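Raw upload-v6.txt, compact mmCIF, C-alpha atoms (C1' of nucleotides):
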```txt
# COMPACT_ATOMS: atom_id res chain seq x y z
CA MET A 136 0.00 0.00 0.00
CA LYS A 137 3.03 2.24 -0.11
CA LYS A 138 2.73 4.97 -2.68
CA THR A 139 6.39 5.37 -3.47
CA ILE A 140 7.65 5.95 -6.95
CA GLY A 141 10.37 3.78 -8.39
CA LYS A 142 12.68 2.20 -5.89
CA ALA A 143 14.23 3.47 -2.69
CA GLN A 144 17.76 4.77 -2.96
CA SER A 145 20.49 3.14 -0.96
CA SER A 146 23.11 5.77 -1.56
CA ALA A 147 26.67 4.72 -0.85
CA ASP A 148 27.61 8.01 0.77
CA GLY A 149 26.20 7.14 4.14
CA VAL A 150 23.80 8.75 6.59
CA GLN A 151 20.23 7.51 6.43
CA ALA A 152 18.98 6.84 2.95
CA VAL A 153 15.28 6.44 3.61
CA ASP A 154 14.79 8.66 0.59
CA GLU A 155 11.36 7.70 -0.49
CA ARG A 156 10.11 9.36 -3.62
CA TYR A 157 6.64 10.77 -4.00
CA SER A 158 4.61 11.94 -6.94
CA ILE A 159 2.90 15.29 -6.90
CA ARG A 160 -0.42 13.56 -6.23
CA ASP A 161 1.01 11.70 -3.29
CA LEU A 162 2.09 14.94 -1.66
CA ALA A 163 -1.16 16.63 -2.50
CA LYS A 164 -3.15 13.84 -0.92
CA ASP A 165 -0.91 13.42 2.12
CA PHE A 166 -0.93 17.11 2.97
CA ALA A 167 -4.41 17.92 1.71
CA VAL A 168 -3.29 20.58 -0.72
CA THR A 169 -3.83 20.82 -4.46
CA THR A 170 -1.21 20.04 -7.06
CA ARG A 171 -1.63 23.61 -8.21
CA ALA A 172 -0.51 24.78 -4.80
CA LEU A 173 2.56 22.57 -4.93
CA ARG A 174 3.57 23.89 -8.33
CA PHE A 175 2.93 27.36 -7.06
CA TYR A 176 5.14 26.89 -4.04
CA GLU A 177 7.85 25.68 -6.38
CA GLU A 178 7.38 28.70 -8.63
CA ARG A 179 7.86 30.84 -5.56
CA GLY A 180 11.03 29.01 -4.65
CA LEU A 181 9.73 27.17 -1.61
CA LEU A 182 10.14 23.72 -3.08
CA ARG A 183 12.68 22.26 -5.46
CA PRO A 184 11.72 18.70 -6.32
CA GLN A 185 13.86 16.66 -8.66
CA ARG A 186 12.69 15.87 -12.12
CA LYS A 187 12.34 12.60 -13.87
CA GLY A 188 11.78 13.76 -17.40
CA GLN A 189 9.02 16.28 -17.04
CA SER A 190 7.54 14.95 -13.84
CA ARG A 191 8.34 16.20 -10.39
CA ILE A 192 9.64 13.81 -7.77
CA TYR A 193 9.44 14.81 -4.15
CA SER A 194 11.70 13.55 -1.40
CA ALA A 195 11.38 13.31 2.36
CA ALA A 196 13.20 16.64 2.60
CA ASP A 197 10.53 18.19 0.42
CA ARG A 198 7.92 16.87 2.79
CA VAL A 199 9.64 18.60 5.66
CA ARG A 200 9.72 21.83 3.73
CA LEU A 201 6.07 21.50 2.90
CA THR A 202 5.31 20.90 6.54
CA LEU A 203 7.05 24.14 7.38
CA ILE A 204 5.20 26.01 4.67
CA LEU A 205 1.87 24.85 5.98
CA ARG A 206 2.79 25.51 9.57
CA GLY A 207 3.74 29.00 8.49
CA LYS A 208 0.36 29.45 6.88
CA ARG A 209 -1.45 28.40 10.01
CA LEU A 210 0.55 30.99 11.88
CA GLY A 211 -0.42 33.66 9.41
CA PHE A 212 2.92 34.01 7.70
CA THR A 213 2.98 34.98 4.05
CA LEU A 214 4.72 32.66 1.64
CA ASP A 215 7.64 35.03 1.42
CA GLU A 216 8.03 34.96 5.16
CA SER A 217 7.84 31.20 5.19
CA ALA A 218 10.47 31.16 2.48
CA GLU A 219 12.75 33.15 4.75
CA LEU A 220 12.08 30.89 7.66
CA ILE A 221 12.77 27.79 5.64
CA ALA A 222 15.96 29.22 4.27
CA MET A 223 17.08 29.82 7.83
CA TYR A 224 15.99 26.44 9.05
CA ASP A 225 17.97 24.90 6.23
CA PRO A 226 21.42 23.71 7.29
CA SER A 227 23.06 25.30 4.25
CA GLY A 228 24.58 28.60 5.34
CA ASN A 229 24.39 27.26 8.84
CA ASN A 230 25.76 29.87 11.16
CA ALA A 231 24.17 30.50 14.50
CA GLY A 232 23.34 34.10 13.62
CA GLN A 233 20.71 32.90 11.21
CA LEU A 234 19.18 30.72 13.82
CA GLN A 235 18.95 33.57 16.28
CA ALA A 236 17.44 35.80 13.62
CA LEU A 237 14.87 33.16 12.98
CA ILE A 238 14.03 32.94 16.63
CA ASP A 239 13.71 36.70 16.77
CA LYS A 240 11.33 36.73 13.85
CA ILE A 241 9.15 34.13 15.40
CA GLN A 242 9.13 35.88 18.72
CA GLU A 243 7.91 38.99 16.97
CA LYS A 244 5.01 36.98 15.69
CA GLN A 245 4.49 35.73 19.19
CA GLN A 246 4.17 39.28 20.44
CA ARG A 247 1.51 40.01 17.87
CA ILE A 248 -0.40 36.95 18.84
CA ASN A 249 -0.24 37.81 22.50
CA ALA A 250 -1.48 41.29 21.71
CA GLN A 251 -4.39 39.81 19.83
CA LYS A 252 -5.12 37.54 22.70
CA ARG A 253 -5.32 40.45 25.10
CA GLU A 254 -7.54 42.44 22.76
CA ILE A 255 -9.93 39.62 22.27
CA GLU A 256 -10.13 39.02 25.98
CA LEU A 257 -11.04 42.65 26.47
CA MET A 258 -13.67 42.40 23.81
CA LEU A 259 -15.17 39.35 25.41
CA SER A 260 -15.33 40.81 28.86
CA ASP A 261 -16.98 43.88 27.37
CA LEU A 262 -19.54 41.74 25.65
CA LYS A 263 -20.30 39.67 28.69
CA GLU A 264 -20.85 42.80 30.68
CA TRP A 265 -23.33 43.95 28.08
CA GLU A 266 -24.96 40.59 28.23
CA GLN A 267 -25.53 40.97 31.95
CA ARG A 268 -27.02 44.38 31.45
CA SER A 269 -29.31 43.12 28.72
CA LEU A 270 -30.52 40.29 30.89
CA LYS A 271 -31.12 42.58 33.77
CA ALA A 272 -33.03 44.96 31.51
CA LEU A 273 -35.14 42.09 30.26
CA THR A 274 -36.06 40.80 33.68
CA GLU A 275 -36.96 44.25 34.82
CA LEU A 276 -39.04 44.67 31.73
CA SER A 277 -40.91 41.43 32.41
CA ARG A 278 -41.53 42.55 36.00
CA GLY A 279 -42.87 45.79 34.58
CA THR A 280 -45.44 43.86 32.53
CA LYS A 281 -46.44 41.92 35.67
CA GLN A 282 -45.10 38.43 35.07
CA ASN A 283 -46.10 38.26 31.43
CA GLN A 284 -45.26 34.59 31.29
CA MET B 286 -8.49 73.90 18.63
CA LYS B 287 -11.56 71.74 18.28
CA LYS B 288 -11.96 70.38 14.81
CA THR B 289 -15.72 70.21 14.71
CA ILE B 290 -17.74 71.16 11.70
CA GLY B 291 -20.61 73.59 12.05
CA LYS B 292 -22.20 73.73 15.47
CA ALA B 293 -23.02 71.06 18.02
CA GLN B 294 -26.56 69.78 18.04
CA SER B 295 -28.69 70.21 21.11
CA SER B 296 -31.51 67.95 20.01
CA ALA B 297 -34.77 68.36 21.85
CA ASP B 298 -35.51 64.65 21.97
CA GLY B 299 -33.35 63.96 24.97
CA VAL B 300 -30.50 61.61 25.87
CA GLN B 301 -27.01 63.03 25.52
CA ALA B 302 -26.49 65.24 22.54
CA VAL B 303 -22.71 65.52 22.49
CA ASP B 304 -23.03 64.98 18.76
CA GLU B 305 -19.92 66.55 17.45
CA ARG B 306 -19.53 66.52 13.70
CA TYR B 307 -16.35 65.59 11.90
CA SER B 308 -15.20 65.91 8.34
CA ILE B 309 -13.74 62.98 6.48
CA ARG B 310 -10.27 64.44 6.97
CA ASP B 311 -10.80 64.73 10.69
CA LEU B 312 -11.65 61.06 10.96
CA ALA B 313 -8.83 60.09 8.69
CA LYS B 314 -6.34 61.99 10.78
CA ASP B 315 -7.71 60.93 14.15
CA PHE B 316 -7.71 57.24 13.27
CA ALA B 317 -4.73 57.24 10.95
CA VAL B 318 -6.58 55.88 7.97
CA THR B 319 -7.01 57.32 4.49
CA THR B 320 -10.13 59.00 3.24
CA ARG B 321 -10.22 56.34 0.61
CA ALA B 322 -10.52 53.72 3.31
CA LEU B 323 -13.39 55.61 4.93
CA ARG B 324 -15.30 55.84 1.67
CA PHE B 325 -14.56 52.21 1.09
CA TYR B 326 -15.95 51.21 4.46
CA GLU B 327 -19.05 53.16 3.64
CA GLU B 328 -19.34 51.48 0.28
CA ARG B 329 -19.20 48.17 2.10
CA GLY B 330 -21.91 49.26 4.47
CA LEU B 331 -19.78 49.64 7.59
CA LEU B 332 -20.34 53.37 7.92
CA ARG B 333 -23.29 55.59 7.12
CA PRO B 334 -22.35 59.21 7.70
CA GLN B 335 -24.86 61.95 7.11
CA ARG B 336 -24.55 64.27 4.16
CA LYS B 337 -24.44 67.98 3.98
CA GLY B 338 -24.88 68.47 0.29
CA GLN B 339 -22.29 66.20 -1.18
CA SER B 340 -19.97 66.08 1.78
CA ARG B 341 -19.94 63.42 4.44
CA ILE B 342 -20.40 64.34 8.05
CA TYR B 343 -19.36 61.88 10.69
CA SER B 344 -20.78 61.68 14.20
CA ALA B 345 -19.54 60.26 17.47
CA ALA B 346 -21.45 57.08 16.68
CA ASP B 347 -19.52 56.78 13.44
CA ARG B 348 -16.32 57.06 15.41
CA VAL B 349 -17.39 54.16 17.56
CA ARG B 350 -18.14 52.09 14.50
CA LEU B 351 -14.79 52.95 13.04
CA THR B 352 -13.13 51.93 16.26
CA LEU B 353 -14.81 48.56 16.01
CA ILE B 354 -13.80 48.17 12.40
CA LEU B 355 -10.18 48.82 13.21
CA ARG B 356 -10.26 46.61 16.25
CA GLY B 357 -11.65 43.90 14.02
CA LYS B 358 -8.78 44.38 11.61
CA ARG B 359 -6.22 44.04 14.34
CA LEU B 360 -7.85 40.80 15.29
CA GLY B 361 -7.66 39.54 11.75
CA PHE B 362 -11.35 39.78 10.93
CA THR B 363 -12.34 40.52 7.37
CA LEU B 364 -14.47 43.56 6.71
CA ASP B 365 -17.50 41.38 6.20
CA GLU B 366 -16.96 39.77 9.56
CA SER B 367 -16.55 43.14 11.19
CA ALA B 368 -19.75 44.22 9.49
CA GLU B 369 -21.53 41.32 11.13
CA LEU B 370 -20.03 42.08 14.49
CA ILE B 371 -21.00 45.72 14.28
CA ALA B 372 -24.51 44.87 13.22
CA MET B 373 -24.77 42.68 16.30
CA TYR B 374 -23.22 45.23 18.59
CA ASP B 375 -25.73 47.73 17.31
CA PRO B 376 -28.78 48.09 19.56
CA SER B 377 -31.16 47.97 16.61
CA GLY B 378 -32.55 44.42 16.40
CA ASN B 379 -31.53 44.04 19.98
CA ASN B 380 -32.44 40.57 21.10
CA ALA B 381 -30.14 38.63 23.36
CA GLY B 382 -29.71 35.85 20.80
CA GLN B 383 -27.69 38.20 18.66
CA LEU B 384 -25.47 39.05 21.53
CA GLN B 385 -24.81 35.43 22.34
CA ALA B 386 -24.08 34.71 18.69
CA LEU B 387 -21.61 37.53 18.72
CA ILE B 388 -19.91 36.15 21.77
CA ASP B 389 -19.76 32.74 20.14
CA LYS B 390 -18.15 34.16 17.05
CA ILE B 391 -15.54 35.93 19.02
CA GLN B 392 -14.82 32.90 21.12
CA GLU B 393 -14.23 30.98 17.93
CA LYS B 394 -11.61 33.50 17.02
CA GLN B 395 -10.20 33.12 20.48
CA GLN B 396 -9.79 29.41 19.92
CA ARG B 397 -7.89 30.04 16.71
CA ILE B 398 -5.62 32.47 18.46
CA ASN B 399 -4.94 30.08 21.28
CA ALA B 400 -4.14 27.38 18.77
CA GLN B 401 -1.69 29.70 17.09
CA LYS B 402 -0.15 30.49 20.39
CA ARG B 403 0.44 26.85 21.14
CA GLU B 404 1.90 26.21 17.70
CA ILE B 405 4.29 29.09 17.93
CA GLU B 406 5.40 27.99 21.35
CA LEU B 407 6.17 24.58 19.96
CA MET B 408 8.11 26.11 17.14
CA LEU B 409 10.13 28.22 19.50
CA SER B 410 11.01 25.38 21.80
CA ASP B 411 12.05 23.37 18.76
CA LEU B 412 14.26 26.17 17.60
CA LYS B 413 15.87 26.70 20.95
CA GLU B 414 16.63 23.05 21.17
CA TRP B 415 18.34 23.26 17.80
CA GLU B 416 20.21 26.27 18.99
CA GLN B 417 21.60 24.33 21.91
CA ARG B 418 22.68 21.54 19.65
CA SER B 419 24.34 23.96 17.25
CA LEU B 420 26.23 25.60 20.07
CA LYS B 421 27.32 22.27 21.42
CA ALA B 422 28.46 21.20 17.96
CA LEU B 423 30.41 24.42 17.61
CA THR B 424 32.22 24.09 20.92
CA GLU B 425 33.08 20.50 20.19
CA LEU B 426 34.33 21.55 16.81
CA SER B 427 36.57 24.19 18.34
CA ARG B 428 37.89 21.64 20.84
CA GLY B 429 38.60 19.35 17.92
CA THR B 430 40.77 22.02 16.30
CA LYS B 431 42.61 22.42 19.63
CA GLN B 432 41.33 25.76 20.92
CA ASN B 433 41.50 27.56 17.62
CA GLN B 434 40.79 30.90 19.19
C1' DA C 166 -5.60 2.65 -32.47
C1' DA C 167 -8.33 4.52 -28.70
C1' DT C 168 -9.24 5.57 -23.96
C1' DA C 169 -7.96 6.60 -19.38
C1' DA C 170 -5.03 8.27 -15.81
C1' DC C 171 -1.63 11.32 -14.52
C1' DG C 172 1.65 14.74 -15.57
C1' DT C 173 3.22 19.37 -17.75
C1' DT C 174 3.11 24.43 -19.18
C1' DT C 175 0.74 28.74 -20.12
C1' DA C 176 -2.36 31.96 -18.90
C1' DC C 177 -6.39 34.30 -17.54
C1' DG C 178 -9.81 34.65 -13.39
C1' DT C 179 -10.77 35.63 -8.35
C1' DT C 180 -11.12 37.88 -3.64
C1' DA C 181 -9.76 41.51 -0.26
C1' DA C 182 -8.76 45.98 0.90
C1' DC C 183 -7.58 49.54 -0.42
C1' DG C 184 -3.99 52.82 -3.72
C1' DT C 185 -3.88 55.89 -7.28
C1' DA C 186 -5.22 58.80 -10.64
C1' DA C 187 -8.60 61.63 -13.44
C1' DA C 188 -12.18 64.83 -13.77
C1' DC C 189 -15.19 67.68 -11.57
C1' DC C 190 -17.87 70.78 -8.05
C1' DA C 191 -18.21 74.36 -4.08
C1' DG C 192 -16.85 78.11 -1.51
C1' DG C 193 -13.84 81.46 0.41
C1' DA C 194 -9.39 84.63 -0.35
C1' DG C 195 -7.35 87.95 -2.97
C1' DC D 108 -12.69 86.41 -12.14
C1' DT D 109 -9.05 83.17 -10.67
C1' DC D 110 -6.83 80.26 -7.53
C1' DC D 111 -6.65 77.16 -3.52
C1' DT D 112 -8.30 73.87 -0.47
C1' DG D 113 -11.03 70.09 0.35
C1' DG D 114 -14.66 67.32 -1.01
C1' DT D 115 -16.97 63.98 -4.58
C1' DT D 116 -17.56 60.14 -8.07
C1' DT D 117 -15.83 56.78 -11.33
C1' DA D 118 -12.76 53.51 -12.45
C1' DC D 119 -8.66 51.06 -13.32
C1' DG D 120 -4.30 49.14 -10.75
C1' DT D 121 -2.17 46.12 -7.07
C1' DT D 122 -0.76 42.09 -4.04
C1' DA D 123 -1.43 37.29 -2.36
C1' DA D 124 -2.37 32.69 -3.06
C1' DC D 125 -4.04 29.96 -5.46
C1' DG D 126 -8.53 28.24 -8.84
C1' DT D 127 -9.74 27.01 -13.21
C1' DA D 128 -9.44 25.93 -17.69
C1' DA D 129 -7.05 24.84 -22.17
C1' DA D 130 -4.00 22.24 -24.80
C1' DC D 131 -0.79 18.88 -24.90
C1' DG D 132 2.70 14.91 -23.66
C1' DT D 133 3.46 9.93 -21.38
C1' DT D 134 2.33 5.27 -20.17
C1' DA D 135 -0.47 1.48 -19.68
C1' DT D 136 -4.36 -0.95 -20.60
C1' DT D 137 -8.17 -2.44 -23.37
```

Go ahead and express the file in the form of structure tokens.
Amino acid sequence: MKKTIGKAQSSADGVQAVDERYSIRDLAKDFAVTTRALRFYEERGLLRPQRKGQSRIYSAADRVRLTLILRGKRLGFTLDESAELIAMYDPSGNNAGQLQALIDKIQEKQQRINAQKREIELMLSDLKEWEQRSLKALTELSRGTKQNQ
Amino acid sequence: MKKTIGKAQSSADGVQAVDERYSIRDLAKDFAVTTRALRFYEERGLLRPQRKGQSRIYSAADRVRLTLILRGKRLGFTLDESAELIAMYDPSGNNAGQLQALIDKIQEKQQRINAQKREIELMLSDLKEWEQRSLKALTELSRGTKQNQ
DNA sequence: AATAACGTTTACGTTAACGTAAACCAGGAG
DNA sequence: CTCCTGGTTTACGTTAACGTAAACGTTATT
């Protein structure tokens, strides 16, 4: 029932070679996105699958990237922001400065979310206060009409 | 130094008539939005200023609405959502069901925000873990090169 | 050979929330 | 009368993140 394409690679140059290969449909199904979206992410530089002829072939690394993209979306990042984040996550130009910058960027987002949280809490307490007042007004009104019910 | 237009209204029909009148520029300046935005909000039914000839005249009530619109934006609501919220806030079709629905809607948003908060906390703890590992790798590397610095 | 299933590229369409002119009116200053 | 300032309407432009064809190229199966 495994949906891998071709055969697994047992590369001679070590590390773990669990490099399964997925078609664009596989990824789309597994992550519940459209193929259009996947091609779009590639067009925007967020994914770089290999090619076998014309067709795209995605690796486990691509799945990780996609995971990050989608996580970014859930957090309200734009694709460009996610691109940045991924580039920093990537152990390519791996100096610690990048990592710290990444952390900073995410903490910024955290601030915004906390601010939102506070605002929405204020809004809710406002509303519940109103609710109390409305209820009180209603009961008084029903008393005014001499137990209408 | 008051930027009111014309004279204040002392309406005979009671309540508080602190109805100051503002031009579109006044509102724009006070809330740091463009006049274009204000006209746009009106076009979308979020504001309904009076007219004096062609010109729009905004009241204190309009300022409240605008406040809600902007608060909505900060919370990530679309204009349509804000429109709903404002309609519910508005003591026009004032039955308590509306109010409860409004509270529900906002609590939904609250859930989403809390979810985001959790996700971002996860991300951060992940990143900090990585950071530790990177640092450790670096120190070991420098020990390997026999205190290179 | 024909059909189906899956892939590709190219390109125009869509929604949201305004930005950015263009063209025009109204009234007060000089 | 002319110019400025500030307001108005109409309407096309813009960005983001894909959706939705259209037209066409592989295999594999019937």

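Using all atoms listed in the file, the shortest contact distance between D:DG132 and any of A:Leu162, A:Val199, A:Asn249, A:Gly188 is found at A:Gly188.
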
For chain C against chain B, with a cut-off of 10 Å and counting all atoms listed in the file, what is the closest atom pair and its distance in Å to one decimal for every residue that makes the cut, ordered by chain and number, as a tab-separated table?
```
residue	atom	partner	partner_atom	distance
C:DA181	C1'	B:Thr363	CA	8.1
C:DA182	C1'	B:Ala322	CA	8.3
C:DC183	C1'	B:Ala322	CA	6.3
C:DG184	C1'	B:Arg321	CA	8.4
C:DC190	C1'	B:Gln339	CA	9.4
C:DA191	C1'	B:Gln339	CA	9.6
```

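The coordinates place atom CA of A:Gln251 at 10.4 Å from atom CA of B:Lys358.
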
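Interface residues on chain D toward chain B (cut-off 10 Å, all atoms listed in the file): DG113, DG114 and DT115 of chain D.
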
Hey, can you spit out that residue selection with C-alpha atoms (C1' of nucleotides) as a compact mmCIF listing (two decimals), keeping the file's coordinate frame?
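Output file out-v5.txt is given in full below:
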```txt
# COMPACT_ATOMS: atom_id res chain seq x y z
C1' DG D 113 -11.03 70.09 0.35
C1' DG D 114 -14.66 67.32 -1.01
C1' DT D 115 -16.97 63.98 -4.58
```

> Near chain A, which residues of chain B fall within 12 Å when you count only C-alpha atoms, and what do they look like as a PyMOL selection string?
Replying inline: chain B and resi 353+355-362+370+373-376+379-423

>> Could you tell me how far atom C1' of D:DA129 sits from atom C1' of C:DA166, in Å to one decimal place?
In response: 24.5 Å

Draw an axis-aligned box over all listed atoms of stretch 260-270 of chain A, pad each side with 3 Å, and write its centre and edge lengths in Å, one decimal, as lines of an AutoDock Vina configuration file.
```
center_x = -22.9
center_y = 42.0
center_z = 28.8
size_x = 21.2
size_y = 10.7
size_z = 12.3
```
